[in-house]
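This is my_file.txt (compact mmCIF, C-alpha atoms).
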```txt
# COMPACT_ATOMS: atom_id res chain seq x y z
CA MET N 1 6.31 48.43 -6.99
CA GLN N 2 8.94 50.91 -5.89
CA GLU N 3 6.34 52.67 -3.73
CA ILE N 4 5.48 49.54 -1.75
CA TYR N 5 9.16 48.82 -1.18
CA GLN N 6 9.62 52.41 0.02
CA ALA N 7 6.81 51.77 2.51
CA LEU N 8 8.91 48.88 3.82
CA GLY N 9 11.93 51.13 4.17
CA VAL N 10 13.84 50.38 0.96
CA SER N 11 15.14 53.54 -0.71
CA PRO N 12 14.89 54.08 -4.50
CA GLU N 13 18.69 53.78 -4.77
CA VAL N 14 18.79 50.36 -3.11
CA TYR N 15 15.68 49.13 -4.94
CA GLY N 16 17.13 50.21 -8.30
CA PHE N 17 20.43 48.49 -7.59
CA GLY N 18 18.60 45.28 -6.73
CA GLN N 19 16.52 45.40 -9.90
CA GLN N 20 19.63 45.77 -12.04
CA VAL N 21 21.17 42.72 -10.38
CA LEU N 22 17.97 40.73 -10.75
CA ALA N 23 17.80 41.30 -14.50
CA SER N 24 20.80 39.01 -15.00
CA LEU N 25 19.45 36.04 -13.02
CA GLN N 26 16.54 34.73 -15.05
CA ASP N 27 18.39 31.69 -16.43
CA ARG N 28 19.62 30.75 -12.96
CA PHE N 29 16.10 31.02 -11.57
CA ALA N 30 14.68 28.87 -14.38
CA ALA N 31 17.15 26.09 -13.50
CA ILE N 32 16.14 26.27 -9.83
CA ASP N 33 12.47 26.01 -10.83
CA ALA N 34 13.19 22.92 -12.95
CA THR N 35 14.82 21.18 -9.96
CA ALA N 36 11.86 22.15 -7.76
CA GLU N 37 9.42 20.69 -10.28
CA TYR N 38 11.34 17.39 -10.32
CA ASN N 39 11.49 17.21 -6.53
CA GLN N 40 7.82 18.13 -6.19
CA ALA N 41 6.93 15.19 -8.41
CA LYS N 42 9.25 12.94 -6.37
CA VAL N 43 7.53 13.88 -3.09
CA LEU N 44 4.07 13.53 -4.62
CA HIS N 45 4.96 10.07 -5.92
CA ALA N 46 6.21 9.02 -2.46
CA MET N 47 2.98 10.18 -0.81
CA GLN N 48 0.83 8.37 -3.35
CA LYS N 49 2.94 5.20 -3.14
CA CYS N 50 2.58 5.15 0.66
CA ARG N 51 -1.19 5.71 0.43
CA VAL N 52 -1.39 8.83 2.57
CA SER N 53 -5.00 9.34 3.64
CA GLY N 54 -7.06 11.60 5.87
CA ALA N 55 -6.73 9.03 8.64
CA CYS N 56 -3.01 9.82 8.77
CA PHE N 57 -3.71 13.23 10.30
CA ALA N 58 -5.29 11.98 13.53
CA THR N 59 -3.73 13.00 16.85
CA SER N 60 -2.15 10.40 19.11
CA THR N 61 -1.23 10.84 22.77
CA GLY N 62 0.45 8.88 25.53
CA TYR N 63 2.39 5.92 24.21
CA GLY N 64 1.26 6.54 20.64
CA TYR N 65 0.75 2.84 19.90
CA ASN N 66 -0.55 1.96 16.41
CA ASP N 67 -0.09 5.52 15.11
CA LEU N 68 -0.92 5.10 11.41
CA GLY N 69 -0.01 8.67 10.51
CA ARG N 70 3.38 8.60 12.23
CA ASP N 71 4.33 5.28 10.65
CA THR N 72 3.12 6.35 7.19
CA LEU N 73 5.05 9.62 7.37
CA GLU N 74 8.22 7.63 8.03
CA GLU N 75 7.41 5.45 5.03
CA VAL N 76 7.01 8.62 2.92
CA TYR N 77 10.43 9.93 3.96
CA ALA N 78 12.03 6.55 3.24
CA ALA N 79 10.37 6.44 -0.18
CA ALA N 80 11.41 9.99 -1.08
CA PHE N 81 15.00 9.47 0.13
CA HIS N 82 15.18 5.95 -1.32
CA THR N 83 16.15 4.27 1.95
CA GLU N 84 15.12 1.14 3.82
CA ALA N 85 13.71 3.01 6.80
CA ALA N 86 13.24 6.42 8.39
CA LEU N 87 12.73 7.92 11.82
CA VAL N 88 10.73 11.20 11.67
CA ARG N 89 9.62 12.51 15.05
CA PRO N 90 8.59 15.81 16.67
CA GLN N 91 10.47 14.58 19.76
CA ILE N 92 13.76 15.24 17.90
CA THR N 93 14.27 18.85 18.88
CA CYS N 94 16.75 20.14 16.28
CA GLY N 95 19.45 19.20 13.80
CA THR N 96 22.11 18.87 16.50
CA HIS N 97 19.82 16.54 18.44
CA ALA N 98 19.22 14.38 15.36
CA LEU N 99 22.96 14.13 14.69
CA ALA N 100 23.79 13.40 18.33
CA LEU N 101 21.10 10.72 18.33
CA ALA N 102 22.49 9.04 15.20
CA LEU N 103 26.05 9.13 16.54
CA ALA N 104 25.25 7.89 20.05
CA ALA N 105 23.02 5.12 18.71
CA ASN N 106 25.57 3.72 16.28
CA LEU N 107 28.84 4.11 18.19
CA ARG N 108 30.04 2.04 21.12
CA PRO N 109 32.85 2.47 23.67
CA GLY N 110 36.17 1.89 21.95
CA ASP N 111 34.91 3.02 18.54
CA GLU N 112 36.35 6.02 16.74
CA LEU N 113 34.47 8.73 14.88
CA LEU N 114 36.10 10.36 11.85
CA SER N 115 35.30 13.65 10.15
CA PRO N 116 36.98 13.71 6.73
CA VAL N 117 35.78 17.28 6.06
CA GLY N 118 37.57 19.18 8.79
CA ALA N 119 36.13 20.52 12.02
CA PRO N 120 32.43 19.88 12.71
CA TYR N 121 29.78 22.53 13.23
CA ASP N 122 30.19 24.40 16.53
CA THR N 123 27.30 22.72 18.37
CA LEU N 124 28.71 19.24 17.69
CA GLU N 125 31.96 20.03 19.50
CA GLU N 126 30.35 19.35 22.88
CA VAL N 127 28.44 16.35 21.52
CA ILE N 128 31.71 14.78 20.41
CA GLY N 129 33.76 16.02 23.36
CA ILE N 130 36.15 18.29 21.48
CA ARG N 131 35.01 20.81 24.06
CA PRO N 132 34.47 18.88 27.30
CA SER N 133 30.80 18.49 28.16
CA SER N 134 28.79 16.19 30.38
CA GLY N 135 27.36 13.29 28.38
CA SER N 136 29.67 13.70 25.38
CA LEU N 137 30.78 10.77 23.25
CA ALA N 138 34.26 11.16 24.73
CA GLU N 139 32.89 10.40 28.20
CA PHE N 140 31.73 7.03 26.86
CA GLY N 141 35.16 6.13 25.49
CA ILE N 142 34.46 7.08 21.87
CA THR N 143 37.43 8.83 20.29
CA TYR N 144 37.49 11.35 17.47
CA ARG N 145 39.80 12.14 14.56
CA GLN N 146 39.50 14.52 11.65
CA ALA N 147 41.16 15.05 8.29
CA ASP N 148 41.24 18.71 7.31
CA LEU N 149 40.30 19.90 3.86
CA LEU N 150 42.95 21.02 1.41
CA PRO N 151 43.45 24.80 0.98
CA ASP N 152 41.13 24.81 -2.04
CA GLY N 153 38.32 23.19 -0.01
CA SER N 154 38.65 19.74 -1.59
CA PHE N 155 39.07 16.42 0.24
CA ASP N 156 42.57 15.37 1.34
CA TYR N 157 42.30 11.71 0.37
CA ASP N 158 45.82 10.85 1.60
CA ALA N 159 45.04 12.29 5.04
CA ILE N 160 41.68 10.49 5.11
CA ARG N 161 43.30 7.16 4.27
CA ALA N 162 45.86 7.68 7.04
CA ALA N 163 43.15 8.62 9.54
CA ILE N 164 41.05 5.49 8.99
CA GLY N 165 42.22 2.90 11.51
CA PRO N 166 41.04 -0.40 12.97
CA ARG N 167 38.77 1.39 15.50
CA THR N 168 37.19 3.76 12.96
CA LYS N 169 33.49 2.88 12.99
CA LEU N 170 31.60 5.88 11.65
CA VAL N 171 32.40 8.69 9.22
CA THR N 172 30.46 11.95 9.63
CA ILE N 173 30.19 14.25 6.61
CA GLN N 174 28.81 17.75 7.01
CA ARG N 175 27.29 18.79 3.69
CA SER N 176 26.82 22.45 4.50
CA LYS N 177 29.59 24.91 5.32
CA GLY N 178 28.38 25.74 8.84
CA TYR N 179 30.21 28.75 10.28
CA ALA N 180 33.10 28.36 7.86
CA THR N 181 33.85 29.96 4.52
CA ARG N 182 34.55 26.65 2.79
CA PRO N 183 32.42 25.33 -0.06
CA SER N 184 29.37 23.23 0.66
CA PHE N 185 29.55 19.80 -0.95
CA SER N 186 27.49 18.52 -3.85
CA VAL N 187 25.76 15.17 -3.49
CA GLU N 188 28.04 13.83 -6.23
CA ALA N 189 31.18 14.89 -4.31
CA ILE N 190 29.80 13.30 -1.14
CA GLY N 191 29.19 10.09 -3.08
CA ARG N 192 32.83 10.01 -4.21
CA LEU N 193 34.00 10.59 -0.63
CA ILE N 194 31.78 7.80 0.70
CA ALA N 195 33.02 5.40 -1.97
CA PHE N 196 36.63 6.23 -1.10
CA CYS N 197 36.12 5.73 2.65
CA LYS N 198 34.40 2.39 2.10
CA SER N 199 37.16 1.29 -0.30
CA VAL N 200 39.63 1.78 2.56
CA LYS N 201 37.40 0.05 5.13
CA PRO N 202 34.25 -1.58 3.72
CA ASP N 203 32.39 -1.92 7.06
CA LEU N 204 32.47 1.81 7.81
CA LEU N 205 29.16 3.54 8.45
CA CYS N 206 28.82 6.87 6.65
CA MET N 207 26.47 9.52 8.05
CA VAL N 208 25.70 12.77 6.22
CA ASP N 209 24.55 15.91 7.99
CA ASN N 210 22.08 17.00 5.31
CA CYS N 211 20.89 20.19 7.07
CA TYR N 212 20.12 22.99 4.58
CA GLY N 213 20.68 20.66 1.61
CA GLU N 214 17.40 18.80 1.12
CA PHE N 215 15.79 19.33 -2.31
CA VAL N 216 18.56 21.64 -3.53
CA GLN N 217 19.53 18.94 -6.02
CA ARG N 218 17.53 16.14 -7.60
CA ILE N 219 19.33 13.49 -5.55
CA GLU N 220 20.14 13.20 -1.84
CA PRO N 221 23.16 11.67 -0.05
CA SER N 222 21.10 8.53 0.53
CA ASP N 223 21.19 8.02 -3.25
CA VAL N 224 25.01 7.86 -3.28
CA GLY N 225 25.81 5.43 -0.50
CA ALA N 226 25.12 7.22 2.81
CA ASP N 227 24.10 4.77 5.53
CA MET N 228 22.30 7.59 7.36
CA THR N 229 21.07 10.95 6.08
CA VAL N 230 20.14 13.29 8.91
CA GLY N 231 18.36 16.64 9.12
CA SER N 232 15.97 19.00 10.88
CA LEU N 233 12.31 19.68 10.11
CA ILE N 234 12.66 23.37 10.94
CA LYS N 235 14.94 23.59 7.93
CA ASN N 236 14.19 22.56 4.32
CA PRO N 237 12.04 19.40 4.68
CA GLY N 238 9.58 20.99 7.10
CA GLY N 239 8.59 23.52 4.45
CA GLY N 240 8.19 26.22 7.10
CA LEU N 241 5.12 24.49 8.55
CA ALA N 242 6.60 21.81 10.82
CA ALA N 243 6.71 23.21 14.36
CA ALA N 244 9.53 20.89 15.47
CA GLY N 245 11.21 17.63 14.61
CA GLY N 246 14.04 15.89 12.86
CA TYR N 247 14.61 12.92 10.60
CA ILE N 248 17.08 10.08 10.09
CA CYS N 249 16.75 8.13 6.83
CA GLY N 250 18.95 5.15 6.11
CA ALA N 251 19.73 1.48 6.53
CA ARG N 252 17.11 -0.35 8.57
CA GLU N 253 19.54 -1.48 11.30
CA CYS N 254 20.99 2.02 11.74
CA VAL N 255 17.55 3.62 11.96
CA GLU N 256 16.29 1.02 14.42
CA ARG N 257 19.26 1.69 16.69
CA CYS N 258 18.39 5.39 16.52
CA ALA N 259 14.78 4.66 17.44
CA ARG N 260 15.85 2.61 20.47
CA ARG N 261 18.16 5.42 21.55
CA LEU N 262 15.37 8.00 21.17
CA THR N 263 12.87 5.96 23.19
CA ALA N 264 14.25 2.87 24.94
CA PRO N 265 15.62 -0.60 24.13
CA GLY N 266 12.68 -2.87 23.41
CA LEU N 267 10.42 0.05 22.48
CA GLY N 268 12.07 1.64 19.46
CA LYS N 269 9.67 2.99 16.82
CA GLU N 270 6.57 1.47 18.43
CA VAL N 271 6.03 4.42 20.78
CA GLY N 272 6.03 8.19 20.39
CA ALA N 273 2.82 10.20 20.23
CA ASN N 274 2.48 12.70 17.39
CA LEU N 275 0.63 15.22 19.62
CA GLY N 276 -1.27 16.68 16.67
CA GLN N 277 1.83 17.68 14.68
CA LEU N 278 1.29 15.40 11.68
CA PRO N 279 -0.81 17.63 9.36
CA ALA N 280 1.91 20.31 9.39
CA MET N 281 4.68 17.71 8.99
CA TYR N 282 2.98 16.14 5.97
CA GLN N 283 2.01 19.42 4.33
CA GLY N 284 5.39 20.98 5.06
CA PHE N 285 7.17 18.08 3.37
CA PHE N 286 4.85 18.42 0.38
CA LEU N 287 5.66 22.14 0.07
CA ALA N 288 9.38 21.74 0.80
CA PRO N 289 10.64 21.59 -2.81
CA THR N 290 8.97 24.91 -3.69
CA VAL N 291 9.94 26.60 -0.42
CA THR N 292 13.55 25.44 -0.86
CA ALA N 293 13.56 26.87 -4.39
CA GLY N 294 12.53 30.29 -3.06
CA ALA N 295 15.32 30.20 -0.49
CA LEU N 296 17.81 29.21 -3.20
CA LYS N 297 16.80 32.15 -5.35
CA GLY N 298 17.35 34.41 -2.36
CA ALA N 299 20.85 32.99 -1.86
CA VAL N 300 21.75 33.51 -5.52
CA PHE N 301 20.41 37.07 -5.39
CA ALA N 302 22.38 37.80 -2.20
CA ALA N 303 25.64 36.58 -3.72
CA ASN N 304 25.17 38.66 -6.84
CA VAL N 305 24.29 41.79 -4.85
CA TYR N 306 27.15 41.61 -2.37
CA GLU N 307 29.85 40.32 -4.69
CA ARG N 308 29.25 43.27 -7.01
CA LEU N 309 29.76 45.54 -4.01
CA GLY N 310 33.18 44.02 -3.39
CA PHE N 311 32.43 41.49 -0.65
CA ALA N 312 33.68 37.90 -0.82
CA CYS N 313 30.81 35.40 -1.09
CA VAL N 314 30.74 31.61 -0.65
CA PRO N 315 29.41 30.31 -2.97
CA ASN N 316 30.30 33.10 -5.35
CA ALA N 317 27.78 34.70 -7.68
CA ALA N 318 28.18 32.14 -10.47
CA GLU N 319 28.85 28.84 -8.67
CA PRO N 320 26.38 25.93 -8.50
CA ARG N 321 24.40 25.67 -5.24
CA HIS N 322 24.50 22.69 -2.89
CA ASP N 323 22.65 24.18 0.09
CA ILE N 324 20.55 27.25 0.85
CA ILE N 325 23.20 29.09 2.88
CA GLN N 326 24.94 32.18 1.54
CA ALA N 327 28.07 33.30 3.36
CA VAL N 328 29.06 36.95 2.92
CA THR N 329 32.37 38.11 4.43
CA LEU N 330 31.61 41.63 5.61
CA GLY N 331 34.92 42.33 7.35
CA SER N 332 33.69 44.06 10.52
CA PRO N 333 31.26 43.59 13.43
CA GLU N 334 29.53 46.86 12.44
CA ARG N 335 28.64 45.53 9.00
CA MET N 336 27.46 42.22 10.49
CA GLU N 337 25.14 44.05 12.87
CA ALA N 338 23.78 46.32 10.12
CA PHE N 339 23.16 43.34 7.81
CA CYS N 340 21.32 41.42 10.53
CA LEU N 341 19.31 44.50 11.49
CA GLY N 342 18.05 44.66 7.89
CA ILE N 343 17.04 40.99 7.89
CA GLN N 344 15.19 41.50 11.17
CA ALA N 345 13.47 44.62 9.85
CA ALA N 346 12.17 42.58 6.90
CA ALA N 347 10.54 39.94 9.11
CA PRO N 348 6.78 39.45 9.52
CA VAL N 349 7.33 38.72 13.23
CA ASP N 350 9.38 40.91 15.61
CA SER N 351 10.43 43.31 12.86
CA HIS N 352 10.81 46.02 15.53
CA VAL N 353 13.49 44.08 17.43
CA THR N 354 17.21 44.92 17.20
CA PRO N 355 19.41 41.79 17.08
CA VAL N 356 22.56 41.98 19.23
CA PRO N 357 25.45 39.54 19.73
CA TRP N 358 25.12 37.20 22.71
CA PRO N 359 26.79 34.09 24.19
CA MET N 360 24.48 31.51 22.61
CA PRO N 361 24.60 28.00 24.17
CA GLY N 362 26.81 25.57 22.23
CA TYR N 363 29.07 28.24 20.66
CA ASP N 364 32.53 29.41 21.73
CA SER N 365 32.03 33.08 20.77
CA ASP N 366 29.21 35.59 20.77
CA VAL N 367 26.72 35.02 17.96
CA ILE N 368 24.35 37.48 16.32
CA MET N 369 21.10 36.09 14.99
CA ALA N 370 18.34 37.79 13.05
CA ALA N 371 15.07 35.95 12.62
CA GLY N 372 11.45 36.98 12.81
CA ALA N 373 10.00 33.54 12.33
CA PHE N 374 6.62 31.91 12.83
CA VAL N 375 8.51 28.87 14.20
CA GLN N 376 11.24 29.66 16.71
CA GLY N 377 14.68 28.94 15.23
CA SER N 378 13.29 27.97 11.83
CA SER N 379 16.12 28.62 9.39
CA ILE N 380 14.06 27.80 6.31
CA GLU N 381 12.37 31.07 7.22
CA LEU N 382 14.26 34.30 6.53
CA SER N 383 17.24 34.51 8.85
CA ALA N 384 20.88 35.55 9.13
CA ASP N 385 23.47 34.80 11.76
CA GLY N 386 27.15 34.49 12.43
CA PRO N 387 29.79 34.37 15.16
CA ILE N 388 31.39 37.71 16.01
CA ARG N 389 34.93 36.71 15.07
CA PRO N 390 37.21 37.20 12.06
CA PRO N 391 36.65 37.20 9.13
CA TYR N 392 33.26 38.59 10.28
CA ALA N 393 31.15 36.57 7.88
CA VAL N 394 27.37 36.54 8.05
CA TYR N 395 25.35 33.53 6.94
CA PHE N 396 22.05 34.26 5.22
CA GLN N 397 19.43 31.62 4.52
CA GLY N 398 15.76 30.98 4.04
CA GLY N 399 12.67 32.85 3.03
CA LEU N 400 9.39 30.97 2.75
CA THR N 401 8.88 32.72 -0.58
CA TRP N 402 11.36 34.16 -3.05
CA TYR N 403 9.75 37.57 -2.69
CA HIS N 404 10.35 37.62 1.04
CA ALA N 405 13.98 36.54 0.56
CA LYS N 406 14.41 39.38 -1.94
CA THR N 407 12.97 41.88 0.54
CA GLY N 408 15.35 40.65 3.23
CA ILE N 409 18.41 41.16 1.05
CA LEU N 410 17.28 44.63 -0.02
CA MET N 411 16.69 45.60 3.62
CA SER N 412 20.11 44.26 4.66
CA LEU N 413 21.70 46.43 1.97
CA GLN N 414 19.55 49.37 3.04
CA LYS N 415 20.89 49.28 6.60
CA LEU N 416 24.48 49.12 5.37
CA TYR N 417 23.79 52.00 2.95
CA GLU N 418 22.18 54.19 5.61
CA ARG N 419 25.20 53.78 7.88
CA GLY N 420 27.71 54.60 5.17
CA LEU N 421 29.14 51.07 5.31
CA VAL N 422 28.68 50.44 1.58
CA ASP N 423 28.83 52.66 -1.49
CA LEU N 424 26.40 52.13 -4.38
CA LYS N 425 27.77 54.96 -6.51
CA GLY N 426 29.74 54.03 -9.58
CA THR N 427 29.07 50.31 -9.15
CA GLU N 428 29.23 48.51 -12.46
CA ILE N 429 26.37 46.11 -13.15
```

Is it possible to express this structure as structure tokens?
Amino acid sequence: MQEIYQALGVSPEVYGFGQQVLASLQDRFAAIDATAEYNQAKVLHAMQKCRVSGACFATSTGYGYNDLGRDTLEEVYAAAFHTEAALVRPQITCGTHALALALAANLRPGDELLSPVGAPYDTLEEVIGIRPSSGSLAEFGITYRQADLLPDGSFDYDAIRAAIGPRTKLVTIQRSKGYATRPSFSVEAIGRLIAFCKSVKPDLLCMVDNCYGEFVQRIEPSDVGADMTVGSLIKNPGGGLAAAGGYICGARECVERCARRLTAPGLGKEVGANLGQLPAMYQGFFLAPTVTAGALKGAVFAANVYERLGFACVPNAAEPRHDIIQAVTLGSPERMEAFCLGIQAAAPVDSHVTPVPWPMPGYDSDVIMAAGAFVQGSSIELSADGPIRPPYAVYFQGGLTWYHAKTGILMSLQKLYERGLVDLKGTEI
């Protein structure tokens, strides 16, 4: 085994260090496998209940009228997420698009949007209008407020209560940490937050950005009161096979408004050709619990490797997991670039490429991204990225298999080790 890793570029010192770390993780991995087994059964039950058949894989073009496969796939998502309805379309280009769609469809001029979990993810700043942008919610007279988290990363309920006013229409809750070193939120914590917000104002709509969180736990935000649960198919639920797409699961009225915003008033869910994407979308969703489990194991392994080398990790090595993202605070741009070079070198696609920071659209600072993916931008595949700004944290996620995630972490450590940016000697395991 050591010989094949050496062929990939992993030195005996780095391989040995990784094996020592891995020896302590068997109980954690067994718990992840148990969750995956439960979620696999849940998805299988949803597909059987909705009577998925070979006819569901047919291609539709043009208007896409009477698309059995498209409509059945949306029934499967609604069944698995326990919601009244779902919108699952390849025409939704990414997670930011899905969130923007849900917000624009369910807010009207004069309404106010509230984030009770601090600042939103960078790409939503222009959607909302925090950073001025053509077509933002702010341009349509929709205002925005936020309640910051407490220093320990918990919800500031007093600030949230004060922020909810007569014009507050929709609450947006980002489950994952994004480019921040705060904790990601468990489904149970999100449920308590939703219940609190609705106790202050019962007619509030609560939307959860579920990106990176699907199938990490046995329940989803839709099980604890979310009116809309939103995500991307090139993350967890696409299972690495979906070539594009996003989903919105939730209350029937909310989802129908989203459908009319995606297509046109009067058309809604009745149109939208699948363009031959359905087999991968179905099969990817079926595989998603197992693929997510592999990514979770990679995140746990990464935290245990880097924390034992003295780097701050969120979550830390022992904490429960609520998404697949592992933040590692590396403390310098040089370490970030070495880490990302290792992830890129471990990729099956473009392993020869050197990732460099660049001004990526939607971000306010240069971002470095490492990904050699079969699907462009697929962050359920092995990837790492981060903005080049203090505290110089890199965000690792994905790996279609646990073994690939392991290789990526070993290669990231290898590049740091080769450059003298980390010391393995004398490390206590």

Close residues, range 159-176 of chain N itself excluded, 9 Å, all atoms listed in the file, min 4 positions apart in chain, as a ChimeraX atom specification
/N:103,106-108,110-117,120-121,143-148,155,182-187,190,193-194,196-197,200-201,203-213,322-325

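Take CA of Ile248 in chain N and CA of Ala405 in chain N: the distance between them is 28.3 Å.
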
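With distances restricted to only C-alpha atoms, N:Ala393 is the closest residue to Ala312 in chain N from N:Ala295, N:Phe140, N:Ala393, N:Gln91.
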
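A straight line drawn from CA of Thr35 in chain N to CA of Glu220 in chain N is 12.6 Å long.
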
Nearest to Gln19 in chain N: which of N:Val255, N:Val375, N:Met411, N:Val305 is it, counting only C-alpha atoms?
N:Val305

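If you look at CA of Gly225 in chain N and CA of Ile380 in chain N, they are 26.2 Å away from each other.
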
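Candidate residues N:Val14, N:Leu296, N:Leu241, N:Met1 were compared for distance to Asp423 in chain N, and the nearest is N:Val14, using all atoms listed in the file.
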
Could you pull the residues within 12 Å of Glu125 in chain N, counting all atoms listed in the file, minus those fewer than 2 positions along the same chain, as a list in words?
Thr96, Leu99, Ala100, Ser115, Ala119, Pro120, Tyr121, Asp122, Thr123, Val127, Ile128, Gly129, Ile130, Arg131, Pro132, Ser133, Ser134, Ser136, Leu137, Ala138, Tyr144, Pro361, Gly362, Tyr363 and Asp364 of chain N

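Minimum atom-to-atom distance to Ala30 in chain N, evaluated using only C-alpha atoms, belongs to N:Ala293 out of N:Ala293, N:Ala226, N:Ala58, N:Val394.
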
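When only C-alpha atoms are used to measure the gap to Leu341 in chain N, the shortest distance among N:Cys56, N:Val422, N:Lys415, N:Arg257 belongs to N:Lys415.
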
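When only C-alpha atoms are used to measure the gap to Gly62 in chain N, the shortest distance among N:Met360, N:Leu275, N:Val300, N:Val230 belongs to N:Leu275.
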
Take the point (1.5, 13.9, 3.9) in the file's coordinates, draw a sphere of radius 9 Å around it, and report as a compact mmCIF listing (two decimals) with C-alpha atoms, in the frame of the given file every protein, DNA or RNA residue with an atom inside or on it, counting only C-alpha atoms.
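Written output follows (out27.txt):
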```
# COMPACT_ATOMS: atom_id res chain seq x y z
CA LEU N 44 4.07 13.53 -4.62
CA MET N 47 2.98 10.18 -0.81
CA VAL N 52 -1.39 8.83 2.57
CA SER N 53 -5.00 9.34 3.64
CA CYS N 56 -3.01 9.82 8.77
CA PHE N 57 -3.71 13.23 10.30
CA GLY N 69 -0.01 8.67 10.51
CA THR N 72 3.12 6.35 7.19
CA LEU N 73 5.05 9.62 7.37
CA VAL N 76 7.01 8.62 2.92
CA LEU N 278 1.29 15.40 11.68
CA PRO N 279 -0.81 17.63 9.36
CA ALA N 280 1.91 20.31 9.39
CA MET N 281 4.68 17.71 8.99
CA TYR N 282 2.98 16.14 5.97
CA GLN N 283 2.01 19.42 4.33
CA GLY N 284 5.39 20.98 5.06
CA PHE N 285 7.17 18.08 3.37
CA PHE N 286 4.85 18.42 0.38
```

List as a PyMOL selection string the protein and nucleic acid residues near Gly246 in chain N, meaning an atom at most 9 Å away when all atoms listed in the file are counted, but skip any in the same chain fewer than 2 places from it.
chain N and resi 87-95+97-98+230-234+238+244+248

Around (9.0, 30.4, 16.8) in the file's own coordinates, what residues are found within 10 Å if you use all atoms listed in the file, given back as a PyMOL selection string?
chain N and resi 234+243-244+349+371-378

Can you write out the residues you just picked, keeping C-alpha atoms, as a tab-separated table (two decimals), keeping the file's coordinate frame?
```tsv
chain	number	residue	atom	x	y	z
N	234	ILE	CA	12.66	23.37	10.94
N	243	ALA	CA	6.71	23.21	14.36
N	244	ALA	CA	9.53	20.89	15.47
N	349	VAL	CA	7.33	38.72	13.23
N	371	ALA	CA	15.07	35.95	12.62
N	372	GLY	CA	11.45	36.98	12.81
N	373	ALA	CA	10.00	33.54	12.33
N	374	PHE	CA	6.62	31.91	12.83
N	375	VAL	CA	8.51	28.87	14.20
N	376	GLN	CA	11.24	29.66	16.71
N	377	GLY	CA	14.68	28.94	15.23
N	378	SER	CA	13.29	27.97	11.83
```

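By chain and then residue number, the residues within 8 Å of Ile343 in chain N are Phe339, Ala347, Ala370, Ala371, Leu382, Ser383, Ala384, Gly408, Ile409, Met411 and Ser412 of chain N, counting only C-alpha atoms and disregarding those fewer than 4 positions away in sequence.
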
Could you name the residues that touch Pro357 in chain N at 8 Å or less, counting only C-alpha atoms, but leaving out those on the same chain fewer than 3 positions away, as a compact mmCIF listing (two decimals) with C-alpha atoms, keeping the file's coordinate frame?
```txt
# COMPACT_ATOMS: atom_id res chain seq x y z
CA ASP N 366 29.21 35.59 20.77
CA VAL N 367 26.72 35.02 17.96
CA ILE N 368 24.35 37.48 16.32
CA MET N 369 21.10 36.09 14.99
CA ILE N 388 31.39 37.71 16.01
```
